[in-house]
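Novice: The structure file start-v4.tsv (TSV, C-alpha atoms) is provided below.
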```
chain	number	residue	atom	x	y	z
V	349	GLY	CA	-12.58	-192.00	164.18
V	350	ASP	CA	-10.96	-192.10	160.77
V	351	SER	CA	-7.32	-191.06	160.56
V	352	VAL	CA	-4.37	-190.89	158.21
V	353	THR	CA	-0.73	-191.29	159.20
V	354	GLN	CA	2.06	-190.44	156.82
V	355	MET	CA	5.79	-190.38	157.21
V	356	GLU	CA	7.33	-187.28	158.63
V	357	GLY	CA	9.49	-185.12	156.46
V	358	PRO	CA	11.26	-183.41	155.13
V	359	VAL	CA	12.45	-185.92	152.59
V	360	THR	CA	15.51	-184.80	150.63
V	361	LEU	CA	16.48	-186.64	147.46
V	362	SER	CA	18.74	-186.12	144.51
V	363	GLU	CA	17.26	-185.82	141.05
V	364	GLU	CA	16.40	-189.21	139.50
V	365	ALA	CA	16.26	-190.94	142.88
V	366	PHE	CA	13.41	-193.29	143.82
V	367	LEU	CA	10.71	-191.84	146.04
V	368	THR	CA	8.49	-193.56	148.59
V	369	ILE	CA	6.23	-191.71	150.99
V	370	ASN	CA	4.44	-194.05	153.35
V	371	CYS	CA	0.80	-193.60	154.24
V	372	THR	CA	-1.44	-195.75	156.40
V	373	TYR	CA	-5.02	-195.18	157.38
V	374	THR	CA	-7.70	-196.16	159.86
V	375	ALA	CA	-11.28	-196.07	158.68
V	376	THR	CA	-14.63	-197.73	159.00
V	377	GLY	CA	-16.19	-198.93	155.80
V	378	TYR	CA	-14.50	-198.54	152.45
V	379	PRO	CA	-13.04	-195.08	152.01
V	380	SER	CA	-11.60	-193.59	148.87
V	381	LEU	CA	-7.92	-192.72	149.12
V	382	PHE	CA	-6.10	-189.75	147.64
V	383	TRP	CA	-2.74	-188.12	147.28
V	384	TYR	CA	-2.72	-184.34	146.96
V	385	VAL	CA	0.25	-182.12	146.16
V	386	GLN	CA	0.73	-178.54	147.30
V	387	TYR	CA	3.31	-176.32	145.66
V	388	PRO	CA	4.60	-173.29	147.59
V	389	GLY	CA	1.95	-170.61	148.06
V	390	GLU	CA	-0.72	-172.59	146.25
V	391	GLY	CA	-3.77	-174.68	147.07
V	392	LEU	CA	-4.01	-178.43	146.81
V	393	GLN	CA	-4.05	-180.35	143.56
V	394	LEU	CA	-5.27	-183.88	143.28
V	395	LEU	CA	-2.34	-186.06	142.27
V	396	LEU	CA	-4.02	-189.45	142.15
V	397	LYS	CA	-6.78	-191.46	143.74
V	398	ALA	CA	-8.07	-194.98	144.29
V	399	THR	CA	-11.62	-195.85	145.21
V	400	LYS	CA	-11.44	-199.54	146.08
V	401	ALA	CA	-9.07	-202.23	147.26
V	402	ASP	CA	-6.24	-203.15	144.87
V	403	ASP	CA	-6.89	-200.12	142.67
V	404	LYS	CA	-3.74	-198.39	141.53
V	405	GLY	CA	-3.83	-194.64	141.04
V	406	SER	CA	-1.22	-193.08	138.79
V	407	ASN	CA	-0.37	-189.67	137.40
V	408	LYS	CA	2.77	-187.85	136.23
V	409	GLY	CA	4.92	-190.88	137.05
V	410	PHE	CA	3.56	-191.20	140.59
V	411	GLU	CA	1.75	-194.36	141.68
V	412	ALA	CA	-0.04	-195.63	144.75
V	413	THR	CA	-1.92	-198.88	145.35
V	414	TYR	CA	-4.89	-199.22	147.72
V	415	ARG	CA	-3.89	-202.07	150.04
V	416	LYS	CA	-6.79	-203.01	152.27
V	417	GLU	CA	-4.93	-205.82	154.02
V	418	THR	CA	-2.23	-203.46	155.25
V	419	THR	CA	-4.44	-200.34	155.27
V	420	SER	CA	-1.81	-198.52	153.25
V	421	PHE	CA	-1.58	-196.23	150.23
V	422	HIS	CA	2.13	-195.54	149.76
V	423	LEU	CA	3.18	-193.01	147.12
V	424	GLU	CA	6.03	-193.95	144.79
V	425	LYS	CA	7.89	-192.45	141.87
V	426	GLY	CA	10.75	-194.08	140.08
V	427	SER	CA	12.74	-190.97	139.21
V	428	VAL	CA	12.04	-187.64	140.86
V	429	GLN	CA	12.70	-184.24	139.36
V	430	VAL	CA	13.45	-180.89	140.95
V	431	SER	CA	9.97	-179.78	139.91
V	432	ASP	CA	8.48	-182.47	142.18
V	433	SER	CA	9.58	-180.49	145.23
V	434	ALA	CA	6.36	-179.82	147.14
V	435	VAL	CA	4.31	-181.00	150.09
V	436	TYR	CA	2.40	-184.24	149.59
V	437	PHE	CA	-0.75	-185.05	151.54
V	438	CYS	CA	-2.32	-188.47	151.87
V	439	ALA	CA	-6.06	-188.32	152.48
V	440	LEU	CA	-9.14	-190.45	152.79
V	441	SER	CA	-12.76	-189.70	152.21
V	442	GLY	CA	-15.60	-191.80	153.46
V	443	GLU	CA	-19.14	-191.29	154.58
V	444	GLY	CA	-20.41	-187.73	154.56
V	445	PHE	CA	-17.80	-186.62	152.02
V	446	LYS	CA	-15.45	-185.44	154.77
V	447	THR	CA	-11.83	-185.69	153.80
V	448	ILE	CA	-9.27	-186.52	156.46
V	449	PHE	CA	-5.74	-185.39	155.68
V	450	GLY	CA	-2.42	-186.66	156.88
V	451	ALA	CA	0.08	-184.19	158.27
V	452	GLY	CA	1.84	-183.77	154.93
V	453	THR	CA	5.36	-184.70	153.85
V	454	ARG	CA	7.64	-182.06	152.44
V	455	LEU	CA	9.84	-183.25	149.58
V	456	PHE	CA	13.01	-181.47	148.48
V	457	VAL	CA	14.68	-182.64	145.28
V	458	LYS	CA	18.23	-181.42	144.63
V	459	ALA	CA	19.68	-181.03	141.16
R	651	GLY	CA	-13.61	-179.26	134.14
R	652	ALA	CA	-14.09	-179.05	137.92
R	653	VAL	CA	-12.45	-175.71	138.63
R	654	VAL	CA	-12.85	-173.94	141.94
R	655	SER	CA	-11.86	-170.33	142.39
R	656	GLN	CA	-11.34	-168.23	145.49
R	657	HIS	CA	-11.38	-164.49	145.87
R	658	PRO	CA	-9.38	-162.69	147.01
R	659	SER	CA	-6.12	-164.63	146.81
R	660	ARG	CA	-4.52	-162.37	149.42
R	661	VAL	CA	-6.00	-159.90	151.85
R	662	ILE	CA	-4.55	-157.74	154.58
R	663	CYS	CA	-6.92	-156.22	157.10
R	664	LYS	CA	-6.76	-154.39	160.39
R	665	SER	CA	-7.67	-155.93	163.71
R	666	GLY	CA	-11.37	-155.65	164.45
R	667	THR	CA	-12.55	-155.55	160.86
R	668	SER	CA	-14.39	-158.27	158.96
R	669	VAL	CA	-13.22	-160.03	155.83
R	670	LYS	CA	-15.26	-162.01	153.31
R	671	ILE	CA	-13.74	-164.79	151.22
R	672	GLU	CA	-15.63	-166.21	148.24
R	673	CYS	CA	-15.42	-169.74	146.91
R	674	ARG	CA	-16.93	-170.51	143.52
R	675	SER	CA	-17.30	-173.68	141.51
R	676	LEU	CA	-16.87	-172.40	137.97
R	677	ASP	CA	-18.08	-175.23	135.80
R	678	PHE	CA	-20.10	-177.51	138.02
R	679	GLN	CA	-22.74	-177.42	140.71
R	680	ALA	CA	-21.59	-178.11	144.23
R	681	THR	CA	-24.17	-179.12	146.80
R	682	THR	CA	-21.43	-179.40	149.40
R	683	MET	CA	-18.45	-177.16	149.97
R	684	PHE	CA	-15.82	-177.33	152.68
R	685	TRP	CA	-13.71	-174.69	154.37
R	686	TYR	CA	-10.25	-175.49	155.68
R	687	ARG	CA	-7.62	-173.58	157.51
R	688	GLN	CA	-3.94	-174.26	157.11
R	689	PHE	CA	-1.20	-172.96	159.38
R	690	PRO	CA	2.36	-172.66	158.07
R	691	LYS	CA	3.95	-176.05	157.44
R	692	GLN	CA	0.91	-177.87	158.79
R	693	SER	CA	-1.91	-179.92	157.40
R	694	LEU	CA	-5.38	-178.73	156.57
R	695	MET	CA	-7.85	-178.41	159.38
R	696	LEU	CA	-11.50	-178.77	158.43
R	697	MET	CA	-13.46	-175.82	159.79
R	698	ALA	CA	-16.94	-176.45	158.46
R	699	THR	CA	-19.08	-178.19	155.90
R	700	SER	CA	-21.34	-175.94	153.89
R	701	ASN	CA	-24.50	-177.25	152.26
R	702	GLU	CA	-26.47	-175.20	149.79
R	703	GLY	CA	-29.59	-173.73	151.32
R	704	SER	CA	-28.93	-174.87	154.87
R	705	LYS	CA	-26.81	-173.95	157.85
R	706	ALA	CA	-23.17	-174.93	157.86
R	707	THR	CA	-21.93	-177.70	160.10
R	708	TYR	CA	-18.95	-176.57	162.14
R	709	GLU	CA	-16.19	-178.79	163.47
R	710	GLN	CA	-15.57	-178.91	167.17
R	711	GLY	CA	-13.66	-175.91	168.44
R	712	VAL	CA	-14.54	-173.64	165.51
R	713	GLU	CA	-16.49	-170.54	166.55
R	714	LYS	CA	-19.54	-170.28	164.33
R	715	ASP	CA	-20.15	-166.66	165.29
R	716	LYS	CA	-16.65	-165.73	164.27
R	717	PHE	CA	-16.47	-167.68	161.03
R	718	LEU	CA	-19.75	-167.08	159.23
R	719	ILE	CA	-20.45	-169.35	156.31
R	720	ASN	CA	-23.13	-168.78	153.69
R	721	HIS	CA	-23.82	-171.20	150.85
R	722	ALA	CA	-26.45	-169.24	148.96
R	723	SER	CA	-26.25	-171.03	145.63
R	724	LEU	CA	-24.95	-174.21	144.08
R	725	THR	CA	-21.83	-172.41	142.86
R	726	LEU	CA	-20.98	-170.00	145.68
R	727	SER	CA	-20.03	-170.26	149.33
R	728	THR	CA	-18.63	-167.42	151.40
R	729	LEU	CA	-16.62	-167.37	154.60
R	730	THR	CA	-16.67	-164.17	156.64
R	731	VAL	CA	-14.10	-163.75	159.37
R	732	THR	CA	-15.72	-161.32	161.78
R	733	SER	CA	-13.79	-159.00	164.10
R	734	ALA	CA	-10.53	-160.41	162.86
R	735	HIS	CA	-7.51	-160.67	165.13
R	736	PRO	CA	-3.86	-161.40	164.32
R	737	GLU	CA	-4.31	-165.03	165.41
R	738	ASP	CA	-6.83	-165.44	162.58
R	739	SER	CA	-4.02	-164.88	160.08
R	740	SER	CA	-3.81	-168.07	158.07
R	741	PHE	CA	-4.28	-169.71	154.69
R	742	TYR	CA	-7.94	-170.49	154.07
R	743	ILE	CA	-8.81	-173.09	151.46
R	744	CYS	CA	-12.21	-174.13	150.18
R	745	SER	CA	-13.19	-177.24	148.31
R	746	ALA	CA	-16.29	-178.38	146.50
R	747	CYS	CA	-17.86	-181.74	145.81
R	748	ARG	CA	-19.45	-182.26	142.45
R	749	ASP	CA	-22.83	-183.89	142.80
R	750	GLY	CA	-22.43	-187.63	142.78
R	751	GLY	CA	-18.67	-187.31	142.63
R	752	MET	CA	-17.45	-190.34	144.53
R	753	TYR	CA	-16.12	-188.31	147.48
R	754	GLU	CA	-13.61	-186.43	145.34
R	755	GLN	CA	-13.15	-182.80	146.27
R	756	TYR	CA	-11.87	-180.01	144.07
R	757	PHE	CA	-9.83	-177.41	145.87
R	758	GLY	CA	-9.60	-173.69	145.41
R	759	PRO	CA	-6.18	-172.02	145.27
R	760	GLY	CA	-6.51	-170.61	148.78
R	761	THR	CA	-6.70	-167.17	150.36
R	762	ARG	CA	-3.87	-165.79	152.46
R	763	LEU	CA	-5.32	-163.65	155.26
R	764	THR	CA	-3.05	-161.37	157.25
R	765	VAL	CA	-4.51	-159.41	160.15
R	766	THR	CA	-2.39	-156.52	161.40
```
Reformat the file's structure so that it appears as structure tokens.
Specialist:
Amino acid sequence: GDSVTQMEGPVTLSEEAFLTINCTYTATGYPSLFWYVQYPGEGLQLLLKATKADDKGSNKGFEATYRKETTSFHLEKGSVQVSDSAVYFCALSGEGFKTIFGAGTRLFVKA
Amino acid sequence: GAVVSQHPSRVICKSGTSVKIECRSLDFQATTMFWYRQFPKQSLMLMATSNEGSKATYEQGVEKDKFLINHASLTLSTLTVTSAHPEDSSFYICSACRDGGMYEQYFGPGTRLTVT
């Protein structure tokens, strides 16, 4: 079945460092891909999405490109801030609207 | 647009009692809603898919008699945890799909359930 694998955390970075969180997927057909962010004690917020190959999703300085050839959707940000500290979930959604989530990667950004 | 609310945000109940959690799409109609459970520091586990006017579809291993789901209207789905036990303590999150919305889900803020 469909699955999402993302790098294990926690990831600890200093402010203004470059961030990459790897995400790969297995799916039949052509799923949509998402990154969600969860701040402590809160629900999930959509960070960005891409619906077809080579699409680049971007929001708040974060970017991810839908790479069909490598089945990847890595999240990047050029300069992280303390306020970016959260848990990031990679996800895919295909037939039947079911969303499959990765295990989540916790990010800590130090001042 | 596309706001989903949950009520209550936190609830504490005694073992053996039942608790109802509401999930509402505030500014759109949602034919399909989903219920997830999240344990501390873990990912979301899909419990069931709720379709308006029909029975919910439960994921394998989820007890349908324990977690009752009702999707009575296009803007409201409820999850009732019956005869709650401490092991049911968790963070419950709902999401809703806007009709025709390209598989994107909008998530509620979650409900923290603690069973004592």
Novice: Return the neighbours of chain V among the residues of chain R, cut-off 8 Å, counting all atoms listed in the file, as a list in words.
Specialist: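 Taking all atoms listed in the file into account, Gln692, Ser693, Leu694, Ile743, Cys747, Met752, Tyr753, Glu754, Tyr756, Phe757, Gly758, Pro759 and Gly760 of chain R sit within 8 Å of chain V.
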Novice: How many Å separate atom CA of Phe689 of chain R from atom CA of Tyr742 of chain R?
Specialist: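 Separation between atom CA of Phe689 of chain R and atom CA of Tyr742 of chain R: 8.9 Å.
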Novice: Tell me, in Å to one decimal, how far atom CA of Gly405 of chain V is from atom CA of Gln354 of chain V.
Specialist: 17.4 Å
Novice: Give me the residues within 10 Å of Val731 of chain R as a list in words, counting only C-alpha atoms and dropping any in the same chain fewer than 4 places off.
Specialist: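 That gives Gly666, Thr667, Ser668, Val669, Lys670, Ile671, Lys714, Asp715, Lys716, Phe717, Leu718, Ile719, His735, Asp738 and Leu763 of chain R.
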Novice: Hey, can you pull every residue with an atom no more than 10 Å from (13.4, -188.6, 146.9), using all atoms listed in the file, and send it as a list in words?
Specialist: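 Every residue inside that radius is included here: Pro358, Val359, Thr360, Leu361, Ser362, Glu363, Glu364, Ala365, Phe366, Leu367, Thr368, Ile369, Glu424, Lys425, Gly426, Ser427, Val428, Gln429, Val430, Asp432, Ser433, Leu455, Phe456, Val457 and Lys458 of chain V.
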Novice: Can you measure atom CA of Gln656 of chain R to atom CA of Tyr686 of chain R for me? One decimal in Å is fine.
Specialist: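 Calculated distance between atom CA of Gln656 of chain R and atom CA of Tyr686 of chain R is 12.6 Å.
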Novice: So that I can check the surroundings of Lys404 of chain V, please list as a PyMOL selection string every protein, DNA and RNA residue that reaches within 12 Å of it, counting only C-alpha atoms and ignoring chain neighbours fewer than 3 positions away.
Specialist: chain V and resi 380-383+396-401+407+410-415+420-424
Novice: Need the shell around Trp685 of chain R: protein/DNA/RNA residues with any atom at most 6 Å away, counting only C-alpha atoms. Skip same-chain ones fewer than 3 positions apart. Format as number ranges by chain?
Specialist: R: 697-698, 743-744
Novice: Would you put the residues from that selection into a file with C-alpha atoms, as a tab-separated table (two decimals), in the coordinates of the input?
Specialist:
```tsv
chain	number	residue	atom	x	y	z
R	697	MET	CA	-13.46	-175.82	159.79
R	698	ALA	CA	-16.94	-176.45	158.46
R	743	ILE	CA	-8.81	-173.09	151.46
R	744	CYS	CA	-12.21	-174.13	150.18
```
Novice: Please determine, counting only C-alpha atoms, which residue among R:Leu676, R:Glu709, R:Ser665, R:Arg762 has the shortest atom-to-atom distance to Glu737 of chain R.
Specialist: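 Result for the nearest residue to Glu737 of chain R: R:Ser665.
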Novice: Can I get segment 427-446 of chain V with N, CA, C and O atoms filled in, as a short mmCIF file (atom, residue, chain, number, x, y, z; two decimals), in the frame of the given file?
Specialist:
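After the write, out-v3.cif holds the following:
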```
data_model
loop_
_atom_site.label_atom_id
_atom_site.label_comp_id
_atom_site.auth_asym_id
_atom_site.auth_seq_id
_atom_site.Cartn_x
_atom_site.Cartn_y
_atom_site.Cartn_z
N SER V 427 11.66 -191.90 139.48
CA SER V 427 12.74 -190.97 139.21
C SER V 427 12.22 -189.55 139.42
O SER V 427 11.50 -189.01 138.57
N VAL V 428 12.59 -188.96 140.54
CA VAL V 428 12.04 -187.64 140.86
C VAL V 428 12.81 -186.54 140.15
O VAL V 428 13.99 -186.69 139.79
N GLN V 429 12.13 -185.43 139.98
CA GLN V 429 12.70 -184.24 139.36
C GLN V 429 12.64 -183.07 140.34
O GLN V 429 11.86 -183.09 141.30
N VAL V 430 13.46 -182.06 140.08
CA VAL V 430 13.45 -180.89 140.95
C VAL V 430 12.06 -180.30 141.04
O VAL V 430 11.62 -179.83 142.11
N SER V 431 11.33 -180.35 139.95
CA SER V 431 9.97 -179.78 139.91
C SER V 431 8.97 -180.55 140.77
O SER V 431 7.84 -180.08 140.98
N ASP V 432 9.36 -181.71 141.28
CA ASP V 432 8.48 -182.47 142.18
C ASP V 432 8.55 -181.96 143.62
O ASP V 432 7.81 -182.44 144.49
N SER V 433 9.45 -181.04 143.89
CA SER V 433 9.58 -180.49 145.23
C SER V 433 8.27 -179.82 145.63
O SER V 433 7.80 -178.89 144.96
N ALA V 434 7.68 -180.29 146.71
CA ALA V 434 6.36 -179.82 147.14
C ALA V 434 6.02 -180.53 148.45
O ALA V 434 6.82 -181.30 148.98
N VAL V 435 4.82 -180.26 148.93
CA VAL V 435 4.31 -181.00 150.09
C VAL V 435 3.24 -181.96 149.60
O VAL V 435 2.36 -181.58 148.82
N TYR V 436 3.32 -183.19 150.03
CA TYR V 436 2.40 -184.24 149.59
C TYR V 436 1.52 -184.66 150.77
O TYR V 436 2.01 -184.96 151.86
N PHE V 437 0.21 -184.68 150.51
CA PHE V 437 -0.75 -185.05 151.54
C PHE V 437 -1.49 -186.32 151.13
O PHE V 437 -2.05 -186.39 150.04
N CYS V 438 -1.49 -187.28 152.03
CA CYS V 438 -2.32 -188.47 151.87
C CYS V 438 -3.67 -188.16 152.52
O CYS V 438 -3.72 -187.47 153.55
N ALA V 439 -4.74 -188.65 151.94
CA ALA V 439 -6.06 -188.32 152.48
C ALA V 439 -7.03 -189.45 152.21
O ALA V 439 -6.85 -190.24 151.28
N LEU V 440 -8.06 -189.51 153.03
CA LEU V 440 -9.14 -190.45 152.79
C LEU V 440 -10.46 -189.73 152.88
O LEU V 440 -10.59 -188.72 153.57
N SER V 441 -11.42 -190.28 152.19
CA SER V 441 -12.76 -189.70 152.21
C SER V 441 -13.77 -190.83 152.28
O SER V 441 -13.74 -191.75 151.49
N GLY V 442 -14.63 -190.74 153.30
CA GLY V 442 -15.60 -191.80 153.46
C GLY V 442 -17.00 -191.26 153.51
O GLY V 442 -17.37 -190.39 152.73
N GLU V 443 -17.75 -191.72 154.49
CA GLU V 443 -19.14 -191.29 154.58
C GLU V 443 -19.22 -189.80 154.86
O GLU V 443 -18.40 -189.24 155.56
N GLY V 444 -20.20 -189.15 154.32
CA GLY V 444 -20.41 -187.73 154.56
C GLY V 444 -19.48 -186.82 153.78
O GLY V 444 -19.49 -185.61 153.99
N PHE V 445 -18.69 -187.39 152.88
CA PHE V 445 -17.80 -186.62 152.02
C PHE V 445 -16.68 -185.90 152.76
O PHE V 445 -15.93 -185.17 152.16
N LYS V 446 -16.55 -186.10 154.07
CA LYS V 446 -15.45 -185.44 154.77
C LYS V 446 -14.14 -186.05 154.34
O LYS V 446 -14.01 -187.27 154.23
#
```
